[in-house]
$ cat structure-v3.pdb   # PDB, C-alpha atoms
ATOM      1  CA  MET A1255       0.000   0.000   0.000
ATOM      2  CA  GLN A1256       1.296   3.434  -0.933
ATOM      3  CA  LYS A1257       2.163   5.874   1.854
ATOM      4  CA  SER A1258      -0.396   8.362   0.567
ATOM      5  CA  GLU A1259      -3.118   5.707   0.897
ATOM      6  CA  VAL A1260      -2.030   4.884   4.449
ATOM      7  CA  LEU A1261      -2.079   8.532   5.511
ATOM      8  CA  GLU A1262      -5.491   9.048   3.936
ATOM      9  CA  GLY A1263      -6.720   5.953   5.770
ATOM     10  CA  LEU A1264      -5.420   7.284   9.084
ATOM     11  CA  ARG A1265      -7.089  10.642   8.482
ATOM     12  CA  ARG A1266     -10.373   9.084   7.414
ATOM     13  CA  GLY A1267     -10.587   6.656  10.334
ATOM     14  CA  GLY A1268      -9.418   9.251  12.832
ATOM     15  CA  LEU A1269      -8.660   6.685  15.518
ATOM     16  CA  VAL A1270      -5.521   4.692  16.323
ATOM     17  CA  PRO A1271      -5.862   2.355  19.323
ATOM     18  CA  VAL A1272      -2.517   1.984  21.110
ATOM     19  CA  LEU A1273      -2.262  -1.679  21.996
ATOM     20  CA  ARG A1274      -0.072  -2.694  24.914
ATOM     21  CA  ALA A1275      -0.514  -6.266  26.120
ATOM     22  CA  PRO A1276       1.439  -8.749  28.276
ATOM     23  CA  SER A1277       1.350 -11.458  25.608
ATOM     24  CA  ALA A1278       1.038 -11.941  21.868
ATOM     25  CA  GLU A1279      -2.151 -13.928  22.432
ATOM     26  CA  ASP A1280      -3.782 -11.026  24.267
ATOM     27  CA  ALA A1281      -2.699  -8.622  21.536
ATOM     28  CA  LEU A1282      -4.176 -10.767  18.788
ATOM     29  CA  ALA A1283      -7.426 -11.305  20.679
ATOM     30  CA  ILE A1284      -8.159  -7.640  21.250
ATOM     31  CA  SER A1285      -6.973  -6.733  17.738
ATOM     32  CA  GLU A1286      -9.613  -9.026  16.293
ATOM     33  CA  VAL A1287     -12.329  -7.462  18.461
ATOM     34  CA  LEU A1288     -11.352  -3.941  17.406
ATOM     35  CA  CYS A1289     -11.081  -4.816  13.736
ATOM     36  CA  LYS A1290     -14.507  -6.467  13.701
ATOM     37  CA  ALA A1291     -15.920  -3.357  15.418
ATOM     38  CA  GLY A1292     -14.990  -1.339  12.351
ATOM     39  CA  LEU A1293     -11.664   0.218  13.305
ATOM     40  CA  THR A1294      -9.312   0.527  10.373
ATOM     41  CA  ALA A1295      -5.989   1.179  12.128
ATOM     42  CA  LEU A1296      -4.143  -0.289  15.081
ATOM     43  CA  GLU A1297      -0.787   0.409  16.722
ATOM     44  CA  ILE A1298       1.085  -2.578  18.125
ATOM     45  CA  THR A1299       3.706  -1.306  20.551
ATOM     46  CA  MET A1300       7.137  -2.871  20.795
ATOM     47  CA  THR A1301       6.448  -3.530  24.480
ATOM     48  CA  VAL A1302       4.191  -6.447  23.434
ATOM     49  CA  PRO A1303       6.151  -9.720  23.590
ATOM     50  CA  GLY A1304       6.771 -10.899  20.025
ATOM     51  CA  ALA A1305       5.394  -7.615  18.669
ATOM     52  CA  VAL A1306       6.963  -8.000  15.229
ATOM     53  CA  GLU A1307       5.323 -11.390  14.728
ATOM     54  CA  VAL A1308       2.010 -10.014  15.984
ATOM     55  CA  ILE A1309       2.277  -7.353  13.263
ATOM     56  CA  ARG A1310       3.070 -10.038  10.684
ATOM     57  CA  THR A1311       0.065 -12.117  11.742
ATOM     58  CA  LEU A1312      -2.359  -9.175  11.699
ATOM     59  CA  ALA A1313      -1.093  -7.879   8.353
ATOM     60  CA  GLY A1314      -1.522 -11.328   6.846
ATOM     61  CA  LYS A1315      -4.955 -11.922   8.348
ATOM     62  CA  PHE A1316      -6.667  -8.588   7.805
ATOM     63  CA  GLY A1317      -4.784  -7.278   4.783
ATOM     64  CA  LYS A1318      -6.101  -3.978   3.465
ATOM     65  CA  ASP A1319      -9.012  -3.930   5.928
ATOM     66  CA  LEU A1320      -6.663  -2.914   8.743
ATOM     67  CA  LEU A1321      -3.725  -0.511   8.754
ATOM     68  CA  VAL A1322      -1.297  -2.230  11.098
ATOM     69  CA  GLY A1323       1.257   0.085  12.634
ATOM     70  CA  ALA A1324       4.207  -0.329  14.973
ATOM     71  CA  GLY A1325       4.531   1.805  18.093
ATOM     72  CA  THR A1326       7.275   2.622  20.587
ATOM     73  CA  VAL A1327       9.824   2.303  17.780
ATOM     74  CA  LEU A1328      13.085   3.833  18.985
ATOM     75  CA  ASP A1329      15.654   2.941  16.311
ATOM     76  CA  ALA A1330      15.983   2.279  12.602
ATOM     77  CA  LYS A1331      16.694  -1.439  13.047
ATOM     78  CA  THR A1332      13.380  -1.963  14.807
ATOM     79  CA  ALA A1333      11.582   0.146  12.217
ATOM     80  CA  ALA A1334      13.051  -2.008   9.440
ATOM     81  CA  ALA A1335      11.941  -5.236  11.141
ATOM     82  CA  CYS A1336       8.398  -3.908  11.585
ATOM     83  CA  ILE A1337       8.171  -2.720   7.997
ATOM     84  CA  GLU A1338       9.392  -6.101   6.756
ATOM     85  CA  ALA A1339       6.661  -7.749   8.849
ATOM     86  CA  GLY A1340       3.981  -5.620   7.217
ATOM     87  CA  ALA A1341       3.683  -2.455   9.322
ATOM     88  CA  THR A1342       2.265   0.361   7.201
ATOM     89  CA  PHE A1343       3.087   3.157   9.638
ATOM     90  CA  ILE A1344       5.678   3.684  12.363
ATOM     91  CA  ILE A1345       5.124   5.612  15.598
ATOM     92  CA  SER A1346       7.607   6.713  18.250
ATOM     93  CA  PRO A1347       6.911   8.270  21.652
ATOM     94  CA  SER A1348       9.831  10.624  21.127
ATOM     95  CA  LEU A1349      11.650  12.450  18.339
ATOM     96  CA  GLU A1350      13.891   9.753  16.832
ATOM     97  CA  LEU A1351      15.547  11.252  13.759
ATOM     98  CA  GLU A1352      17.022   7.973  12.524
ATOM     99  CA  VAL A1353      13.573   6.383  12.554
ATOM    100  CA  ILE A1354      12.150   9.276  10.531
ATOM    101  CA  ALA A1355      15.002   9.041   8.029
ATOM    102  CA  HIS A1356      14.626   5.285   7.625
ATOM    103  CA  CYS A1357      10.874   5.505   7.077
ATOM    104  CA  ASN A1358      11.274   8.329   4.564
ATOM    105  CA  GLN A1359      13.788   6.215   2.644
ATOM    106  CA  ALA A1360      11.481   3.190   2.782
ATOM    107  CA  GLY A1361       8.432   5.199   1.749
ATOM    108  CA  VAL A1362       6.536   4.335   4.941
ATOM    109  CA  ALA A1363       4.381   6.728   6.970
ATOM    110  CA  VAL A1364       6.056   7.919  10.168
ATOM    111  CA  LEU A1365       4.577   9.640  13.218
ATOM    112  CA  PRO A1366       7.298  10.644  15.687
ATOM    113  CA  GLY A1367       6.448  11.818  19.169
ATOM    114  CA  ALA A1368       6.919  15.444  20.200
ATOM    115  CA  LEU A1369       5.431  17.761  22.788
ATOM    116  CA  THR A1370       6.716  21.326  22.601
ATOM    117  CA  PRO A1371       6.260  23.601  19.574
ATOM    118  CA  THR A1372      10.020  23.391  18.948
ATOM    119  CA  GLU A1373       9.947  19.579  18.924
ATOM    120  CA  ILE A1374       6.834  19.486  16.756
ATOM    121  CA  VAL A1375       8.367  21.779  14.125
ATOM    122  CA  LYS A1376      11.662  19.875  14.192
ATOM    123  CA  ALA A1377       9.803  16.597  13.651
ATOM    124  CA  TRP A1378       7.917  18.072  10.716
ATOM    125  CA  ARG A1379      11.022  19.594   9.141
ATOM    126  CA  SER A1380      12.821  16.262   9.563
ATOM    127  CA  GLY A1381      10.220  14.451   7.474
ATOM    128  CA  ALA A1382       7.377  13.466   9.794
ATOM    129  CA  ASP A1383       4.107  12.774   7.981
ATOM    130  CA  MET A1384       2.102  13.462  11.143
ATOM    131  CA  VAL A1385       3.296  14.276  14.648
ATOM    132  CA  LYS A1386       2.190  12.340  17.712
ATOM    133  CA  VAL A1387       1.706  14.961  20.444
ATOM    134  CA  PHE A1388       2.558  13.049  23.604
ATOM    135  CA  PRO A1389       1.736  13.109  26.460
ATOM    136  CA  CYS A1390      -0.860  15.697  25.501
ATOM    137  CA  SER A1391      -3.020  15.473  28.618
ATOM    138  CA  ALA A1392      -0.072  16.330  30.862
ATOM    139  CA  VAL A1393       0.167  19.837  29.428
ATOM    140  CA  GLY A1394      -3.474  20.806  29.022
ATOM    141  CA  GLY A1395      -5.062  18.322  26.643
ATOM    142  CA  ALA A1396      -7.297  19.758  23.930
ATOM    143  CA  SER A1397      -6.655  23.360  24.964
ATOM    144  CA  TYR A1398      -2.911  22.814  24.523
ATOM    145  CA  LEU A1399      -3.400  21.231  21.109
ATOM    146  CA  LYS A1400      -5.579  24.141  19.995
ATOM    147  CA  ALA A1401      -2.941  26.638  21.146
ATOM    148  CA  VAL A1402      -0.163  24.826  19.261
ATOM    149  CA  LYS A1403      -2.224  24.306  16.112
ATOM    150  CA  ALA A1404      -3.011  28.026  15.839
ATOM    151  CA  PRO A1405       0.442  29.018  14.516
ATOM    152  CA  LEU A1406       1.139  25.595  12.954
ATOM    153  CA  PRO A1407      -1.994  24.641  10.975
ATOM    154  CA  GLN A1408       0.084  22.959   8.275
ATOM    155  CA  ILE A1409       1.334  20.249  10.651
ATOM    156  CA  GLU A1410      -1.009  17.298  11.155
ATOM    157  CA  MET A1411      -1.071  16.285  14.812
ATOM    158  CA  VAL A1412      -2.302  13.146  16.549
ATOM    159  CA  PRO A1413      -2.703  13.750  20.301
ATOM    160  CA  THR A1414      -2.089  10.732  22.511
ATOM    161  CA  GLY A1415      -2.388  10.471  26.266
ATOM    162  CA  GLY A1416      -5.582  11.434  28.022
ATOM    163  CA  VAL A1417      -7.872  10.736  25.078
ATOM    164  CA  SER A1418     -11.192   9.318  26.302
ATOM    165  CA  LEU A1419     -14.841   9.227  25.279
ATOM    166  CA  GLU A1420     -15.250  12.423  27.281
ATOM    167  CA  THR A1421     -12.337  14.296  25.662
ATOM    168  CA  ALA A1422     -12.287  12.897  22.108
ATOM    169  CA  ALA A1423     -14.629  15.481  20.585
ATOM    170  CA  ALA A1424     -12.694  18.371  22.122
ATOM    171  CA  PHE A1425      -9.434  17.076  20.640
ATOM    172  CA  ILE A1426     -10.968  16.767  17.167
ATOM    173  CA  LYS A1427     -12.475  20.255  17.394
ATOM    174  CA  ALA A1428      -9.072  21.561  18.525
ATOM    175  CA  GLY A1429      -7.598  20.416  15.216
ATOM    176  CA  ALA A1430      -6.441  16.825  15.727
ATOM    177  CA  ALA A1431      -5.965  14.886  12.500
ATOM    178  CA  GLY A1432      -6.625  11.708  14.479
ATOM    179  CA  LEU A1433      -6.548  10.342  18.003
ATOM    180  CA  GLY A1434      -4.223   7.883  19.703
ATOM    181  CA  VAL A1435      -6.315   6.008  22.282
ATOM    182  CA  GLY A1436      -4.903   3.692  24.931
ATOM    183  CA  GLY A1437      -6.369   2.239  28.082
ATOM    184  CA  ASP A1438      -9.746   3.929  27.748
ATOM    185  CA  LEU A1439     -10.485   1.673  24.769
ATOM    186  CA  VAL A1440      -8.042  -1.232  24.880
ATOM    187  CA  ASP A1441      -9.634  -3.192  27.756
ATOM    188  CA  LEU A1442      -7.827  -6.528  27.889
ATOM    189  CA  GLU A1443      -9.689  -7.768  30.935
ATOM    190  CA  ALA A1444     -13.026  -7.348  29.192
ATOM    191  CA  VAL A1445     -11.852  -9.384  26.209
ATOM    192  CA  ARG A1446     -10.341 -12.086  28.422
ATOM    193  CA  SER A1447     -13.587 -12.456  30.335
ATOM    194  CA  GLY A1448     -15.710 -12.815  27.221
ATOM    195  CA  ARG A1449     -16.992  -9.237  27.179
ATOM    196  CA  GLY A1450     -15.498  -8.342  23.841
ATOM    197  CA  GLU A1451     -18.765  -6.793  22.672
ATOM    198  CA  GLU A1452     -18.371  -4.119  25.357
ATOM    199  CA  VAL A1453     -15.019  -3.145  23.858
ATOM    200  CA  ALA A1454     -16.466  -3.264  20.342
ATOM    201  CA  GLY A1455     -19.340  -1.031  21.416
ATOM    202  CA  ARG A1456     -16.923   1.457  22.928
ATOM    203  CA  ALA A1457     -14.882   1.458  19.726
ATOM    204  CA  ARG A1458     -17.967   2.186  17.648
ATOM    205  CA  ARG A1459     -18.861   5.033  20.010
ATOM    206  CA  TYR A1460     -15.404   6.554  19.492
ATOM    207  CA  LEU A1461     -15.869   6.412  15.721
ATOM    208  CA  GLU A1462     -19.266   8.078  16.076
ATOM    209  CA  ILE A1463     -17.822  10.845  18.249
ATOM    210  CA  VAL A1464     -15.068  11.547  15.701
ATOM    211  CA  ARG A1465     -17.606  11.767  12.854
ATOM    212  CA  GLU A1466     -19.889  14.051  14.856
ATOM    213  CA  ALA A1467     -17.017  16.310  15.942
ATOM    214  CA  ARG A1468     -15.951  16.649  12.327
ATOM    215  CA  GLY A1469     -19.494  17.594  11.417
ATOM    216  CA  LYS A1470     -20.058  14.526   9.237
TER
END
$ encode --input "structure-v3.pdb" --output "structure tokens"
Amino acid sequence: MQKSEVLEGLRRGGLVPVLRAPSAEDALAISEVLCKAGLTALEITMTVPGAVEVIRTLAGKFGKDLLVGAGTVLDAKTAAACIEAGATFIISPSLELEVIAHCNQAGVAVLPGALTPTEIVKAWRSGADMVKVFPCSAVGGASYLKAVKAPLPQIEMVPTGGVSLETAAAFIKAGAAGLGVGGDLVDLEAVRSGRGEEVAGRARRYLEIVREARGK
């Protein structure tokens, strides 16, 4: 899939669940629930045991129905392994210039992490396709994003940290290109106990909130 298609898919879906799990089995189980709920993108963090193989499995199983991304990528070697496994976008929690450079060379979408205006601009000038603003909630949440977007409308930002059903609309209205959502959506205990439909319902509610906030 071309990078332009991946970025358009991320914009259109507007939601990237950040999946951290203690085992590959847990990661695969909740990924299936979220995909069947209608989500079109998912970030598998490198903190998941066997994360690269989880990415390979999901990419092979869901194909073009799911944009499988790799998160917590801190070096070019890891980025290369994830891309080889089928990751269509790479996310870092911090500004890792070698990861950006590798992804640019490979033609793969890259979303480095940044927080301050200086970091956000440096990420963009270094080749970021979108910038993950993290941890956004720690510095004011949606109001912070709105303040930063005002002088930097050309930079697409994906706030992560503190995104919930209660705050999602405010982030979108503040100018977020998409939302990185963690524990508020990725409920492993619910899936383990057979309550996957609760998680699916929550995922569908997030998608509805994004559409409504965008006025669609």
$ resolve_selection --input "structure-v3.pdb" --expression "the PyMOL selection byres ((chain A and resi 1320) around 10)" --output "PyMOL selection string"
chain A and resi 1263+1285+1288-1290+1292-1296+1312-1313+1315-1319+1321-1323+1342
$ atom_distance --input "structure-v3.pdb" --atom1 "CA of Arg1468 (chain A)" --atom2 "CA of Gly1429 (chain A)"
9.6 Å
$ atom_distance --input "structure-v3.pdb" --atom1 "CA of Ala1334 (chain A)" --atom2 "CA of Ile1374 (chain A)"
23.5 Å
$ atom_distance --input "structure-v3.pdb" --atom1 "CA of Ile1354 (chain A)" --atom2 "CA of Thr1421 (chain A)"
29.2 Å
$ resolve_selection --input "structure-v3.pdb" --expression "the PyMOL selection byres ((chain A and resi 1366) around 7)" --output "VMD selection string"
chain A and resid 1345 to 1350 1364 to 1365 1367 to 1368 1377 1382 1385 to 1386
$ residues_around --input "structure-v3.pdb" --residues "Ala1430 (chain A)" --least-positions-apart "3" --cutoff "12 Å" --atoms "all atoms listed in the file" --output "mmCIF file with C-alpha atoms, in the coordinates of the input"
data_model
loop_
_atom_site.group_PDB
_atom_site.id
_atom_site.type_symbol
_atom_site.label_atom_id
_atom_site.label_comp_id
_atom_site.auth_asym_id
_atom_site.auth_seq_id
_atom_site.Cartn_x
_atom_site.Cartn_y
_atom_site.Cartn_z
ATOM 1 C CA LEU A 1264 -5.420 7.284 9.084
ATOM 2 C CA ARG A 1265 -7.089 10.642 8.482
ATOM 3 C CA GLY A 1268 -9.418 9.251 12.832
ATOM 4 C CA LEU A 1269 -8.660 6.685 15.518
ATOM 5 C CA MET A 1384 2.102 13.462 11.143
ATOM 6 C CA VAL A 1385 3.296 14.276 14.648
ATOM 7 C CA LYS A 1386 2.190 12.340 17.712
ATOM 8 C CA VAL A 1387 1.706 14.961 20.444
ATOM 9 C CA CYS A 1390 -0.860 15.697 25.501
ATOM 10 C CA GLY A 1395 -5.062 18.322 26.643
ATOM 11 C CA ALA A 1396 -7.297 19.758 23.930
ATOM 12 C CA SER A 1397 -6.655 23.360 24.964
ATOM 13 C CA TYR A 1398 -2.911 22.814 24.523
ATOM 14 C CA LEU A 1399 -3.400 21.231 21.109
ATOM 15 C CA LYS A 1400 -5.579 24.141 19.995
ATOM 16 C CA ALA A 1401 -2.941 26.638 21.146
ATOM 17 C CA VAL A 1402 -0.163 24.826 19.261
ATOM 18 C CA LYS A 1403 -2.224 24.306 16.112
ATOM 19 C CA ALA A 1404 -3.011 28.026 15.839
ATOM 20 C CA LEU A 1406 1.139 25.595 12.954
ATOM 21 C CA PRO A 1407 -1.994 24.641 10.975
ATOM 22 C CA GLN A 1408 0.084 22.959 8.275
ATOM 23 C CA ILE A 1409 1.334 20.249 10.651
ATOM 24 C CA GLU A 1410 -1.009 17.298 11.155
ATOM 25 C CA MET A 1411 -1.071 16.285 14.812
ATOM 26 C CA VAL A 1412 -2.302 13.146 16.549
ATOM 27 C CA PRO A 1413 -2.703 13.750 20.301
ATOM 28 C CA THR A 1414 -2.089 10.732 22.511
ATOM 29 C CA VAL A 1417 -7.872 10.736 25.078
ATOM 30 C CA THR A 1421 -12.337 14.296 25.662
ATOM 31 C CA ALA A 1422 -12.287 12.897 22.108
ATOM 32 C CA ALA A 1423 -14.629 15.481 20.585
ATOM 33 C CA ALA A 1424 -12.694 18.371 22.122
ATOM 34 C CA PHE A 1425 -9.434 17.076 20.640
ATOM 35 C CA ILE A 1426 -10.968 16.767 17.167
ATOM 36 C CA LYS A 1427 -12.475 20.255 17.394
ATOM 37 C CA LEU A 1433 -6.548 10.342 18.003
ATOM 38 C CA GLY A 1434 -4.223 7.883 19.703
ATOM 39 C CA VAL A 1464 -15.068 11.547 15.701
ATOM 40 C CA ALA A 1467 -17.017 16.310 15.942
ATOM 41 C CA ARG A 1468 -15.951 16.649 12.327
#
$ resolve_selection --input "structure-v3.pdb" --expression "the PyMOL selection byres ((chain A and resi 1325-1330) around 6)" --output "JSON, numbers by chain"
{"A": [1297, 1298, 1299, 1300, 1324, 1331, 1332, 1333, 1345, 1346, 1347, 1352, 1353, 1356]}
$ closest_residue --input "structure-v3.pdb" --among "A:Leu1273, A:Leu1351, A:Glu1466, A:Ala1431" --to "Trp1378 (chain A)" --atoms "all atoms listed in the file"
A:Leu1351
$ closest_residue --input "structure-v3.pdb" --among "A:Thr1372, A:Phe1388, A:Gly1432, A:Ile1309" --to "Arg1465 (chain A)" --atoms "all atoms listed in the file"
A:Gly1432
$ closest_residue --input "structure-v3.pdb" --among "A:Gly1415, A:Gly1436, A:Gly1267, A:Gly1450" --to "Glu1462 (chain A)" --atoms "all atoms listed in the file"
A:Gly1267
$ residues_around --input "structure-v3.pdb" --residues "Gly1304 (chain A)" --least-positions-apart "2" --cutoff "10 Å" --atoms "all atoms listed in the file" --output "PyMOL selection string"
chain A and resi 1277-1279+1281+1300-1302+1306-1309
$ closest_residue --input "structure-v3.pdb" --among "A:Cys1336, A:Pro1303, A:Asp1383, A:Ala1275" --to "Arg1446 (chain A)" --atoms "all atoms listed in the file"
A:Ala1275
$ closest_residue --input "structure-v3.pdb" --among "A:Ile1284, A:Ala1444, A:Ile1337, A:Ala1363" --to "Glu1262 (chain A)" --atoms "only C-alpha atoms"
A:Ala1363
$ closest_residue --input "structure-v3.pdb" --among "A:Ala1392, A:Leu1442, A:Ala1360, A:Ala1335" --to "Ala1454 (chain A)" --atoms "all atoms listed in the file"
A:Leu1442
$ residues_near_point --input "structure-v3.pdb" --point "(-7.7, 7.1, 27.3)" --cutoff "6 Å" --atoms "all atoms listed in the file" --output "VMD selection string"
chain A and resid 1416 to 1418 1435 to 1438
$ residues_around --input "structure-v3.pdb" --residues "Val1287 (chain A)" --least-positions-apart "4" --cutoff "10 Å" --atoms "only C-alpha atoms" --output "PyMOL selection string"
chain A and resi 1282-1283+1291-1293+1440+1445+1450-1455+1457
$ build_atoms --input "structure-v3.pdb" --residues "region 1375-1392 of chain A" --atoms "N, CA and C atoms" --output "PDB file, in the frame of the given file"
ATOM      1  N   VAL A1375       7.848  21.213  15.372  1.00  0.00           N
ATOM      2  CA  VAL A1375       8.367  21.779  14.125  1.00  0.00           C
ATOM      3  C   VAL A1375       9.598  21.013  13.656  1.00  0.00           C
ATOM      4  N   LYS A1376      10.476  20.638  14.583  1.00  0.00           N
ATOM      5  CA  LYS A1376      11.662  19.875  14.192  1.00  0.00           C
ATOM      6  C   LYS A1376      11.269  18.533  13.595  1.00  0.00           C
ATOM      7  N   ALA A1377      10.279  17.874  14.186  1.00  0.00           N
ATOM      8  CA  ALA A1377       9.803  16.597  13.651  1.00  0.00           C
ATOM      9  C   ALA A1377       9.286  16.776  12.229  1.00  0.00           C
ATOM     10  N   TRP A1378       8.495  17.798  12.025  1.00  0.00           N
ATOM     11  CA  TRP A1378       7.917  18.072  10.716  1.00  0.00           C
ATOM     12  C   TRP A1378       9.006  18.384   9.686  1.00  0.00           C
ATOM     13  N   ARG A1379       9.945  19.238  10.072  1.00  0.00           N
ATOM     14  CA  ARG A1379      11.022  19.594   9.141  1.00  0.00           C
ATOM     15  C   ARG A1379      11.941  18.414   8.844  1.00  0.00           C
ATOM     16  N   SER A1380      11.965  17.447   9.751  1.00  0.00           N
ATOM     17  CA  SER A1380      12.821  16.262   9.563  1.00  0.00           C
ATOM     18  C   SER A1380      12.155  15.187   8.718  1.00  0.00           C
ATOM     19  N   GLY A1381      10.878  15.396   8.361  1.00  0.00           N
ATOM     20  CA  GLY A1381      10.220  14.451   7.474  1.00  0.00           C
ATOM     21  C   GLY A1381       9.043  13.704   8.053  1.00  0.00           C
ATOM     22  N   ALA A1382       8.550  14.126   9.209  1.00  0.00           N
ATOM     23  CA  ALA A1382       7.377  13.466   9.794  1.00  0.00           C
ATOM     24  C   ALA A1382       6.155  13.688   8.906  1.00  0.00           C
ATOM     25  N   ASP A1383       5.352  12.644   8.740  1.00  0.00           N
ATOM     26  CA  ASP A1383       4.107  12.774   7.981  1.00  0.00           C
ATOM     27  C   ASP A1383       3.005  13.357   8.861  1.00  0.00           C
ATOM     28  N   MET A1384       2.957  12.910  10.100  1.00  0.00           N
ATOM     29  CA  MET A1384       2.102  13.462  11.143  1.00  0.00           C
ATOM     30  C   MET A1384       2.945  13.471  12.409  1.00  0.00           C
ATOM     31  N   VAL A1385       2.541  14.236  13.395  1.00  0.00           N
ATOM     32  CA  VAL A1385       3.296  14.276  14.648  1.00  0.00           C
ATOM     33  C   VAL A1385       2.400  13.800  15.786  1.00  0.00           C
ATOM     34  N   LYS A1386       2.894  12.826  16.522  1.00  0.00           N
ATOM     35  CA  LYS A1386       2.190  12.340  17.712  1.00  0.00           C
ATOM     36  C   LYS A1386       2.506  13.311  18.857  1.00  0.00           C
ATOM     37  N   VAL A1387       1.498  14.013  19.343  1.00  0.00           N
ATOM     38  CA  VAL A1387       1.706  14.961  20.444  1.00  0.00           C
ATOM     39  C   VAL A1387       1.487  14.190  21.746  1.00  0.00           C
ATOM     40  N   PHE A1388       2.595  13.945  22.442  1.00  0.00           N
ATOM     41  CA  PHE A1388       2.558  13.049  23.604  1.00  0.00           C
ATOM     42  C   PHE A1388       3.514  13.525  24.703  1.00  0.00           C
ATOM     43  N   PRO A1389       3.078  13.451  25.978  1.00  0.00           N
ATOM     44  CA  PRO A1389       1.736  13.109  26.460  1.00  0.00           C
ATOM     45  C   PRO A1389       0.869  14.366  26.535  1.00  0.00           C
ATOM     46  N   CYS A1390      -0.106  14.450  25.677  1.00  0.00           N
ATOM     47  CA  CYS A1390      -0.860  15.697  25.501  1.00  0.00           C
ATOM     48  C   CYS A1390      -1.635  16.109  26.754  1.00  0.00           C
ATOM     49  N   SER A1391      -2.196  15.141  27.452  1.00  0.00           N
ATOM     50  CA  SER A1391      -3.020  15.473  28.618  1.00  0.00           C
ATOM     51  C   SER A1391      -2.207  16.118  29.742  1.00  0.00           C
ATOM     52  N   ALA A1392      -0.917  15.825  29.775  1.00  0.00           N
ATOM     53  CA  ALA A1392      -0.072  16.330  30.862  1.00  0.00           C
ATOM     54  C   ALA A1392       0.173  17.830  30.774  1.00  0.00           C
TER      55      ALA A1392
END
